[in-house]
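*Asks:* Next up, structure_12.tsv (TSV, C-alpha atoms).
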```
chain	number	residue	atom	x	y	z
A	20	MET	CA	18.85	2.44	28.02
A	21	LYS	CA	17.20	-0.64	26.58
A	22	THR	CA	13.57	-0.79	27.65
A	23	VAL	CA	11.58	-3.78	28.88
A	24	GLY	CA	8.99	-5.02	26.41
A	25	LYS	CA	6.93	-7.43	28.50
A	26	ALA	CA	5.07	-7.46	31.80
A	27	PHE	CA	3.10	-9.92	33.88
A	28	VAL	CA	0.06	-8.56	35.71
A	29	LEU	CA	-1.71	-10.50	38.45
A	30	ALA	CA	-5.44	-10.30	37.81
A	31	GLY	CA	-6.81	-13.53	39.27
A	32	GLY	CA	-7.82	-12.54	42.80
A	33	ILE	CA	-11.27	-13.26	44.26
A	34	GLY	CA	-11.62	-10.00	46.23
A	35	THR	CA	-13.50	-11.55	49.15
A	36	ARG	CA	-13.35	-8.37	51.26
A	37	LEU	CA	-15.14	-6.42	48.54
A	38	ARG	CA	-18.17	-8.66	48.37
A	39	PRO	CA	-20.96	-8.28	47.29
A	40	PHE	CA	-19.36	-6.21	44.47
A	41	THR	CA	-17.02	-9.05	43.52
A	42	TYR	CA	-19.75	-11.68	43.37
A	43	GLU	CA	-20.46	-10.36	39.88
A	44	ILE	CA	-17.38	-8.34	38.91
A	45	PRO	CA	-13.76	-9.50	39.31
A	46	LYS	CA	-11.84	-7.04	41.47
A	47	PRO	CA	-9.50	-5.88	38.66
A	48	LEU	CA	-12.56	-4.70	36.70
A	49	LEU	CA	-14.01	-2.59	39.50
A	50	PRO	CA	-14.19	1.03	38.28
A	51	VAL	CA	-12.31	4.07	39.53
A	52	LYS	CA	-13.14	7.33	37.72
A	53	GLY	CA	-15.03	5.27	35.15
A	54	ARG	CA	-12.09	2.98	34.24
A	55	PRO	CA	-11.32	-0.51	35.56
A	56	ILE	CA	-8.52	-0.71	38.10
A	57	LEU	CA	-6.61	-3.10	35.84
A	58	GLU	CA	-6.49	-0.55	33.03
A	59	TYR	CA	-4.59	1.88	35.25
A	60	ASN	CA	-1.85	-0.72	35.65
A	61	ILE	CA	-1.71	-1.49	31.93
A	62	ARG	CA	-1.51	2.21	31.05
A	63	ASN	CA	1.25	2.69	33.61
A	64	LEU	CA	3.28	-0.10	32.02
A	65	MET	CA	2.69	1.28	28.52
A	66	GLU	CA	4.02	4.64	29.66
A	67	HIS	CA	7.36	2.96	30.37
A	68	GLY	CA	7.73	1.13	27.09
A	69	VAL	CA	5.88	-2.16	27.60
A	70	LYS	CA	4.45	-3.53	24.34
A	71	GLU	CA	3.02	-6.83	25.59
A	72	VAL	CA	1.21	-7.69	28.82
A	73	VAL	CA	0.40	-11.19	30.05
A	74	LEU	CA	-2.60	-11.15	32.38
A	75	GLY	CA	-2.70	-13.91	34.99
A	76	ILE	CA	-6.42	-14.50	35.29
A	77	GLY	CA	-8.51	-16.84	37.42
A	78	TYR	CA	-11.73	-15.86	39.17
A	79	LYS	CA	-14.20	-14.58	36.54
A	80	GLY	CA	-11.27	-14.27	34.15
A	81	ASP	CA	-13.55	-14.60	31.12
A	82	LEU	CA	-15.02	-11.18	31.97
A	83	ILE	CA	-11.52	-9.68	31.98
A	84	ARG	CA	-10.75	-11.32	28.63
A	85	GLU	CA	-14.06	-10.07	27.22
A	86	TYR	CA	-13.35	-6.51	28.33
A	87	PHE	CA	-9.73	-6.16	27.16
A	88	GLY	CA	-9.61	-8.65	24.29
A	89	ASP	CA	-6.24	-8.69	22.53
A	90	GLY	CA	-5.40	-5.19	23.74
A	91	SER	CA	-5.65	-3.53	20.33
A	92	ASN	CA	-8.11	-0.93	21.63
A	93	LEU	CA	-5.43	0.22	24.09
A	94	GLY	CA	-2.55	-0.02	21.63
A	95	ILE	CA	-0.84	-2.95	23.35
A	96	ARG	CA	-0.74	-6.71	22.91
A	97	ILE	CA	-2.50	-8.66	25.67
A	98	ARG	CA	-2.09	-12.38	26.29
A	99	TYR	CA	-3.75	-14.49	28.98
A	100	SER	CA	-2.59	-17.18	31.37
A	101	LYS	CA	-5.53	-18.76	33.18
A	102	GLU	CA	-5.34	-20.59	36.50
A	103	THR	CA	-7.73	-23.49	37.01
A	104	LYS	CA	-6.88	-23.45	40.73
A	105	PRO	CA	-5.35	-20.70	42.91
A	106	LEU	CA	-1.56	-20.80	42.54
A	107	GLY	CA	-0.51	-17.74	44.51
A	108	THR	CA	1.49	-14.83	43.16
A	109	ALA	CA	4.57	-16.88	42.23
A	110	GLY	CA	2.64	-19.94	41.05
A	111	ALA	CA	0.65	-17.78	38.65
A	112	LEU	CA	3.89	-16.34	37.27
A	113	LYS	CA	5.39	-19.82	36.89
A	114	LYS	CA	2.38	-20.89	34.82
A	115	ALA	CA	3.12	-18.05	32.41
A	116	GLU	CA	6.91	-18.52	32.32
A	117	ARG	CA	7.09	-19.40	28.62
A	118	HIS	CA	6.40	-15.75	27.85
A	119	PHE	CA	9.41	-14.40	29.76
A	120	LYS	CA	12.92	-14.96	28.43
A	121	ASP	CA	14.35	-11.53	29.26
A	122	THR	CA	14.02	-8.90	31.99
A	123	PHE	CA	10.34	-8.14	32.64
A	124	PHE	CA	8.04	-6.11	34.85
A	125	MET	CA	5.41	-7.57	37.17
A	126	CYS	CA	2.68	-5.96	39.24
A	127	ASN	CA	-0.55	-6.50	41.12
A	128	GLY	CA	-3.43	-5.61	38.83
A	129	ASP	CA	-5.95	-4.80	41.55
A	130	GLU	CA	-4.41	-1.60	42.97
A	131	ILE	CA	-4.27	2.00	41.80
A	132	LYS	CA	-0.67	3.15	41.63
A	133	ASP	CA	1.68	5.40	39.71
A	134	VAL	CA	5.00	3.56	39.35
A	135	ASN	CA	8.17	4.87	37.71
A	136	TYR	CA	9.29	1.59	36.15
A	137	SER	CA	12.04	3.34	34.18
A	138	LYS	CA	13.68	4.55	37.38
A	139	MET	CA	13.44	1.02	38.82
A	140	LEU	CA	14.96	-0.50	35.69
A	141	GLN	CA	17.90	1.90	35.80
A	142	LEU	CA	18.76	0.84	39.36
A	143	HIS	CA	18.10	-2.83	38.56
A	144	ARG	CA	20.65	-2.84	35.76
A	145	LYS	CA	23.18	-0.75	37.64
A	146	LYS	CA	23.16	-3.25	40.53
A	147	HIS	CA	22.91	-6.39	38.34
A	148	ALA	CA	19.93	-7.38	40.44
A	149	LEU	CA	17.72	-10.43	40.06
A	150	GLY	CA	14.77	-8.45	41.41
A	151	THR	CA	14.00	-4.81	42.15
A	152	LEU	CA	10.92	-3.77	44.11
A	153	ALA	CA	8.97	-0.52	43.92
A	154	LEU	CA	9.02	1.04	47.39
A	155	LYS	CA	7.11	3.78	49.12
A	156	ARG	CA	7.49	5.42	52.53
A	157	LEU	CA	4.36	5.49	54.69
A	158	SER	CA	3.58	6.85	58.12
A	159	ASN	CA	1.33	3.89	58.99
A	160	ILE	CA	3.00	0.60	58.07
A	161	GLU	CA	1.14	-1.92	60.22
A	162	GLN	CA	-0.95	-3.37	57.38
A	163	PHE	CA	1.87	-3.73	54.84
A	164	GLY	CA	5.00	-5.69	54.06
A	165	VAL	CA	7.89	-3.57	55.36
A	166	VAL	CA	11.42	-3.78	53.93
A	167	GLU	CA	14.65	-3.07	55.75
A	168	LEU	CA	17.40	-1.69	53.52
A	169	ARG	CA	21.15	-1.18	53.44
A	170	GLY	CA	21.47	1.49	50.81
A	171	ASN	CA	19.26	0.17	48.02
A	172	LYS	CA	19.81	-3.46	48.96
A	173	ILE	CA	16.91	-5.24	50.64
A	174	MET	CA	18.13	-7.09	53.72
A	175	ARG	CA	14.94	-8.26	55.43
A	176	PHE	CA	11.14	-8.29	55.22
A	177	VAL	CA	8.83	-7.66	58.15
A	178	GLU	CA	5.21	-8.54	57.38
A	179	LYS	CA	2.60	-6.28	59.03
A	180	PRO	CA	4.93	-5.27	61.87
A	181	LYS	CA	3.76	-4.48	65.36
A	182	PRO	CA	4.87	-1.14	66.84
A	183	GLY	CA	8.54	-1.16	67.83
A	184	THR	CA	9.55	-4.23	65.79
A	185	THR	CA	11.24	-2.26	63.00
A	186	LYS	CA	12.50	1.27	62.41
A	187	SER	CA	11.74	1.10	58.70
A	188	LYS	CA	8.82	3.06	57.24
A	189	THR	CA	9.37	1.71	53.73
A	190	VAL	CA	6.95	-0.78	52.17
A	191	SER	CA	6.75	-2.84	49.01
A	192	ALA	CA	4.11	-1.44	46.66
A	193	GLY	CA	3.42	-4.52	44.54
A	194	ALA	CA	5.47	-3.71	41.41
A	195	TYR	CA	8.73	-5.36	40.38
A	196	VAL	CA	11.53	-5.63	37.82
A	197	LEU	CA	12.54	-9.29	37.53
A	198	GLU	CA	15.02	-11.52	35.75
A	199	PRO	CA	13.73	-14.80	34.24
A	200	ASN	CA	16.27	-16.74	36.38
A	201	ILE	CA	14.00	-16.30	39.40
A	202	LEU	CA	11.50	-18.66	37.77
A	203	LYS	CA	13.85	-21.51	38.70
A	204	LEU	CA	13.00	-20.85	42.36
A	205	ILE	CA	9.30	-21.52	41.79
A	206	PRO	CA	7.88	-25.07	41.71
A	207	LYS	CA	5.53	-25.88	38.85
A	208	GLY	CA	1.83	-26.36	39.54
A	209	LYS	CA	2.03	-25.54	43.25
A	210	ARG	CA	0.68	-22.65	45.27
A	211	PHE	CA	3.66	-20.36	45.92
A	212	SER	CA	4.14	-16.77	47.04
A	213	ILE	CA	6.62	-14.43	45.39
A	214	GLU	CA	6.52	-12.09	48.41
A	215	ARG	CA	7.01	-14.74	51.11
A	216	GLN	CA	8.90	-17.55	49.39
A	217	VAL	CA	10.90	-16.04	46.52
A	218	PHE	CA	11.94	-12.54	47.57
A	219	PRO	CA	13.37	-13.60	50.96
A	220	LYS	CA	15.65	-16.06	49.12
A	221	LEU	CA	16.84	-13.33	46.77
A	222	ALA	CA	17.47	-11.06	49.76
A	223	GLU	CA	19.62	-13.79	51.36
A	224	GLN	CA	21.64	-13.93	48.12
A	225	GLU	CA	21.95	-10.11	48.25
A	226	LYS	CA	20.43	-9.91	44.76
A	227	LEU	CA	17.26	-8.03	45.70
A	228	TYR	CA	17.03	-4.23	45.60
A	229	GLY	CA	14.43	-1.58	46.31
A	230	CYS	CA	13.68	1.71	44.60
A	231	LEU	CA	11.55	4.59	45.89
A	232	ALA	CA	9.56	4.91	42.67
A	233	VAL	CA	5.89	5.26	43.57
A	234	GLY	CA	3.75	8.38	43.49
A	235	GLN	CA	0.10	7.98	44.41
A	236	TRP	CA	-0.73	4.45	45.60
A	237	PHE	CA	-4.12	3.16	46.66
A	238	PRO	CA	-4.57	-0.48	47.67
A	239	THR	CA	-8.24	-1.32	47.08
A	240	ASP	CA	-8.72	-4.46	49.16
A	241	THR	CA	-11.34	-3.00	51.54
A	242	PHE	CA	-14.37	-0.77	51.06
A	243	GLU	CA	-12.59	2.07	52.88
A	244	ARG	CA	-9.49	1.84	50.66
A	245	TYR	CA	-11.56	1.50	47.50
A	246	GLU	CA	-13.52	4.62	48.43
A	247	LYS	CA	-10.29	6.50	49.12
A	248	ALA	CA	-8.98	5.55	45.65
A	249	ILE	CA	-12.16	6.80	43.99
A	250	LYS	CA	-12.06	10.11	45.86
A	251	ASN	CA	-8.34	10.86	45.69
A	252	THR	CA	-6.83	9.43	42.51
A	253	ARG	CA	-5.44	12.30	40.41
A	254	PHE	CA	-2.58	11.12	38.22
A	255	TYR	CA	-4.84	9.15	35.84
A	256	LYS	CA	-5.56	12.24	33.72
A	257	ARG	CA	-2.34	11.90	31.76
A	258	TRP	CA	-3.38	8.40	30.60
A	259	PHE	CA	-7.06	9.00	29.90
A	260	ARG	CA	-7.29	12.06	27.69
A	261	ALA	CA	-10.84	11.50	26.50
```
Give the structure from this file in structure tokens form.
*Replies:*
Amino acid sequence: MKTVGKAFVLAGGIGTRLRPFTYEIPKPLLPVKGRPILEYNIRNLMEHGVKEVVLGIGYKGDLIREYFGDGSNLGIRIRYSKETKPLGTAGALKKAERHFKDTFFMCNGDEIKDVNYSKMLQLHRKKHALGTLALKRLSNIEQFGVVELRGNKIMRFVEKPKPGTTKSKTVSAGAYVLEPNILKLIPKGKRFSIERQVFPKLAEQEKLYGCLAVGQWFPTDTFERYEKAIKNTRFYKRWFRA
């Protein structure tokens, strides 16, 4: 199977709920087991054949650029796309669209997660999808974006559902396989959300699929979740063999 060579990683968030840490350090550079969160995501992508990563940077992006440079220390090519104003998850991707002419991966760079991108890509190509989302089943779904499926096809999104509003226990884990055609759905230079404004359109077209392809996953957007990631992350050892 032909692999995917490029990925876009969102690394421009402010991390307001992790202040005062993020007053000085951008959230993607916060350490877990002595490595920045963002490096986990880059290593994960490398494991599945990615040779070039474009980092969408914004808040304190110069510190991210200073840390990772051109990527040669990691054995990958790193490029940068800098926002001068917040553009949202889709707007940031649109700004970097010149880099993506073929199928590519995309993920949030401020979470700790172990994603099987190869498994996602296999389903993506089998279904001729425009987008395929990494999914995970959780017992507590109230703080996440829940997806309702028919087979592997995503039919509907339910954001942070209240008890009894959906039977689904499956959530989107912030990692995607995407076709460059989706960039046509995103306006240039405007704040736009891939989760709320692009994916629902693809679901309506029945071109959006989901794949249970996530092992350990630790969102790090609160102190409690960040602490949990530090205490419980295990899979990293196969990437950091110091």
*Asks:* Tell me which of A:Glu116, A:Glu130, A:Tyr228, A:Thr189 sits closest to A:Pro206, counting all atoms listed in the file.
*Replies:*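 Of the candidates, the smallest distance to A:Pro206 is held by A:Glu116.
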*Asks:* What is the distance, in Å and to one decimal place, between atom CA of A:Leu142 and atom CA of A:His118?
*Replies:*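 Computed distance, atom CA of A:Leu142 to atom CA of A:His118, equals 23.7 Å.
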*Asks:* Excluding A:Gln224 and residues on its chain fewer than 6 positions from it, collect all residues at most 10 Å away from it, counting all atoms listed in the file, and give them as an NGL selection string.
*Replies:* :A and (149 or 174 or 218)
*Asks:* Please save C-alpha atoms of the selected residues as a tab-separated table (two decimals), in the frame of the given file.
*Replies:*
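Saved the output as part34.tsv:
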```
chain	number	residue	atom	x	y	z
A	149	LEU	CA	17.72	-10.43	40.06
A	174	MET	CA	18.13	-7.09	53.72
A	218	PHE	CA	11.94	-12.54	47.57
```
*Asks:* Using all atoms listed in the file, determine which residues lie at most 10 Å from A:Leu82, disregarding the query and same-chain residues fewer than 3 positions distant; provide the list as a PyMOL selection string.
*Replies:* chain A and resi 43-45+48+76+78-79+85-88
*Asks:* Residues proximal to (10.2, -13.9, 50.9) were defined as those with any atom within 12 Å of that point in the file's coordinates, counting only C-alpha atoms. Which are they, as a ChimeraX atom specification?
*Replies:* /A:108-109,150,164-166,173-178,191,204-205,211-224,227
*Asks:* Give me the residues of stretch 75-162 of chain A that have any atom at most 7 Å from an atom of stretch 232-251 of chain A; for each, the nearest atom pair and the distance in Å, rounded to one decimal. Use only C-alpha atoms, sort by chain and number, and format it as JSON lines.
*Replies:*
```
{"residue": "A:Asp129", "atom": "CA", "partner": "A:Thr239", "partner_atom": "CA", "distance": 6.9}
{"residue": "A:Glu130", "atom": "CA", "partner": "A:Pro238", "partner_atom": "CA", "distance": 4.8}
{"residue": "A:Ile131", "atom": "CA", "partner": "A:Phe237", "partner_atom": "CA", "distance": 5.0}
{"residue": "A:Lys132", "atom": "CA", "partner": "A:Trp236", "partner_atom": "CA", "distance": 4.2}
{"residue": "A:Asp133", "atom": "CA", "partner": "A:Gly234", "partner_atom": "CA", "distance": 5.2}
{"residue": "A:Val134", "atom": "CA", "partner": "A:Val233", "partner_atom": "CA", "distance": 4.6}
{"residue": "A:Asn135", "atom": "CA", "partner": "A:Ala232", "partner_atom": "CA", "distance": 5.2}
{"residue": "A:Lys138", "atom": "CA", "partner": "A:Ala232", "partner_atom": "CA", "distance": 6.7}
{"residue": "A:Met139", "atom": "CA", "partner": "A:Ala232", "partner_atom": "CA", "distance": 6.7}
{"residue": "A:Ala153", "atom": "CA", "partner": "A:Ala232", "partner_atom": "CA", "distance": 5.6}
{"residue": "A:Leu154", "atom": "CA", "partner": "A:Ala232", "partner_atom": "CA", "distance": 6.1}
{"residue": "A:Lys155", "atom": "CA", "partner": "A:Val233", "partner_atom": "CA", "distance": 5.9}
```
*Asks:* Can you measure atom CA of A:Asn127 to atom CA of A:Arg169 for me? One decimal in Å is fine.
*Replies:* 25.5 Å
*Asks:* For A:Arg84, which residue among A:Tyr42, A:Gln141, A:Asn60, A:Gly31 is the nearest when counting only C-alpha atoms?
*Replies:*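 Among A:Tyr42, A:Gln141, A:Asn60, A:Gly31, it is A:Gly31 that comes nearest to A:Arg84.
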*Asks:* Record the distance separating atom CA of A:Gly94 and atom CA of A:Gly75, expressed in Å with one decimal.
*Replies:*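 Between atom CA of A:Gly94 and atom CA of A:Gly75 the gap works out to 19.3 Å.
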*Asks:* Compare A:Glu71, A:Glu66, A:Glu198, A:Glu58 by their minimum atom-to-atom distance to A:Lys226, counting all atoms listed in the file, and give me the closest one.
*Replies:*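 Ranking A:Glu71, A:Glu66, A:Glu198, A:Glu58 by distance to A:Lys226, first place goes to A:Glu198.
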*Asks:* Where atoms are missing, can you supply N, CA and C atoms for stretch 70-88 of chain A and output the lot as an mmCIF file, in the frame of the given file?
*Replies:*
```
data_model
loop_
_atom_site.group_PDB
_atom_site.id
_atom_site.type_symbol
_atom_site.label_atom_id
_atom_site.label_comp_id
_atom_site.auth_asym_id
_atom_site.auth_seq_id
_atom_site.Cartn_x
_atom_site.Cartn_y
_atom_site.Cartn_z
ATOM 1 N N LYS A 70 5.223 -3.289 25.559
ATOM 2 C CA LYS A 70 4.450 -3.530 24.340
ATOM 3 C C LYS A 70 3.527 -4.737 24.473
ATOM 4 N N GLU A 71 3.813 -5.607 25.433
ATOM 5 C CA GLU A 71 3.020 -6.830 25.590
ATOM 6 C C GLU A 71 2.809 -7.122 27.074
ATOM 7 N N VAL A 72 1.561 -7.357 27.440
ATOM 8 C CA VAL A 72 1.210 -7.690 28.820
ATOM 9 C C VAL A 72 0.583 -9.079 28.845
ATOM 10 N N VAL A 73 1.029 -9.904 29.790
ATOM 11 C CA VAL A 73 0.400 -11.190 30.050
ATOM 12 C C VAL A 73 -0.424 -11.026 31.324
ATOM 13 N N LEU A 74 -1.719 -11.259 31.222
ATOM 14 C CA LEU A 74 -2.600 -11.150 32.380
ATOM 15 C C LEU A 74 -2.800 -12.526 32.990
ATOM 16 N N GLY A 75 -2.445 -12.662 34.265
ATOM 17 C CA GLY A 75 -2.700 -13.910 34.990
ATOM 18 C C GLY A 75 -4.104 -13.863 35.548
ATOM 19 N N ILE A 76 -5.014 -14.567 34.905
ATOM 20 C CA ILE A 76 -6.420 -14.500 35.290
ATOM 21 C C ILE A 76 -6.859 -15.794 35.961
ATOM 22 N N GLY A 77 -7.946 -15.693 36.731
ATOM 23 C CA GLY A 77 -8.510 -16.840 37.420
ATOM 24 C C GLY A 77 -9.983 -16.624 37.638
ATOM 25 N N TYR A 78 -10.331 -16.130 38.818
ATOM 26 C CA TYR A 78 -11.730 -15.860 39.170
ATOM 27 C C TYR A 78 -12.383 -14.913 38.179
ATOM 28 N N LYS A 79 -13.461 -15.367 37.532
ATOM 29 C CA LYS A 79 -14.200 -14.580 36.540
ATOM 30 C C LYS A 79 -13.280 -13.988 35.477
ATOM 31 N N GLY A 80 -12.246 -14.743 35.132
ATOM 32 C CA GLY A 80 -11.270 -14.270 34.150
ATOM 33 C C GLY A 80 -11.855 -14.055 32.768
ATOM 34 N N ASP A 81 -12.936 -14.771 32.440
ATOM 35 C CA ASP A 81 -13.550 -14.600 31.120
ATOM 36 C C ASP A 81 -14.095 -13.185 30.953
ATOM 37 N N LEU A 82 -14.533 -12.562 32.048
ATOM 38 C CA LEU A 82 -15.020 -11.180 31.970
ATOM 39 C C LEU A 82 -13.881 -10.211 31.677
ATOM 40 N N ILE A 83 -12.706 -10.499 32.255
ATOM 41 C CA ILE A 83 -11.520 -9.680 31.980
ATOM 42 C C ILE A 83 -11.110 -9.826 30.518
ATOM 43 N N ARG A 84 -11.112 -11.062 30.028
ATOM 44 C CA ARG A 84 -10.750 -11.320 28.630
ATOM 45 C C ARG A 84 -11.748 -10.636 27.681
ATOM 46 N N GLU A 85 -13.027 -10.691 28.052
ATOM 47 C CA GLU A 85 -14.060 -10.070 27.220
ATOM 48 C C GLU A 85 -13.887 -8.562 27.162
ATOM 49 N N TYR A 86 -13.501 -7.966 28.280
ATOM 50 C CA TYR A 86 -13.350 -6.510 28.330
ATOM 51 C C TYR A 86 -12.131 -6.030 27.540
ATOM 52 N N PHE A 87 -10.985 -6.659 27.747
ATOM 53 C CA PHE A 87 -9.730 -6.160 27.160
ATOM 54 C C PHE A 87 -9.394 -6.793 25.816
ATOM 55 N N GLY A 88 -9.906 -7.993 25.561
ATOM 56 C CA GLY A 88 -9.610 -8.650 24.290
ATOM 57 C C GLY A 88 -8.118 -8.814 24.068
#
```
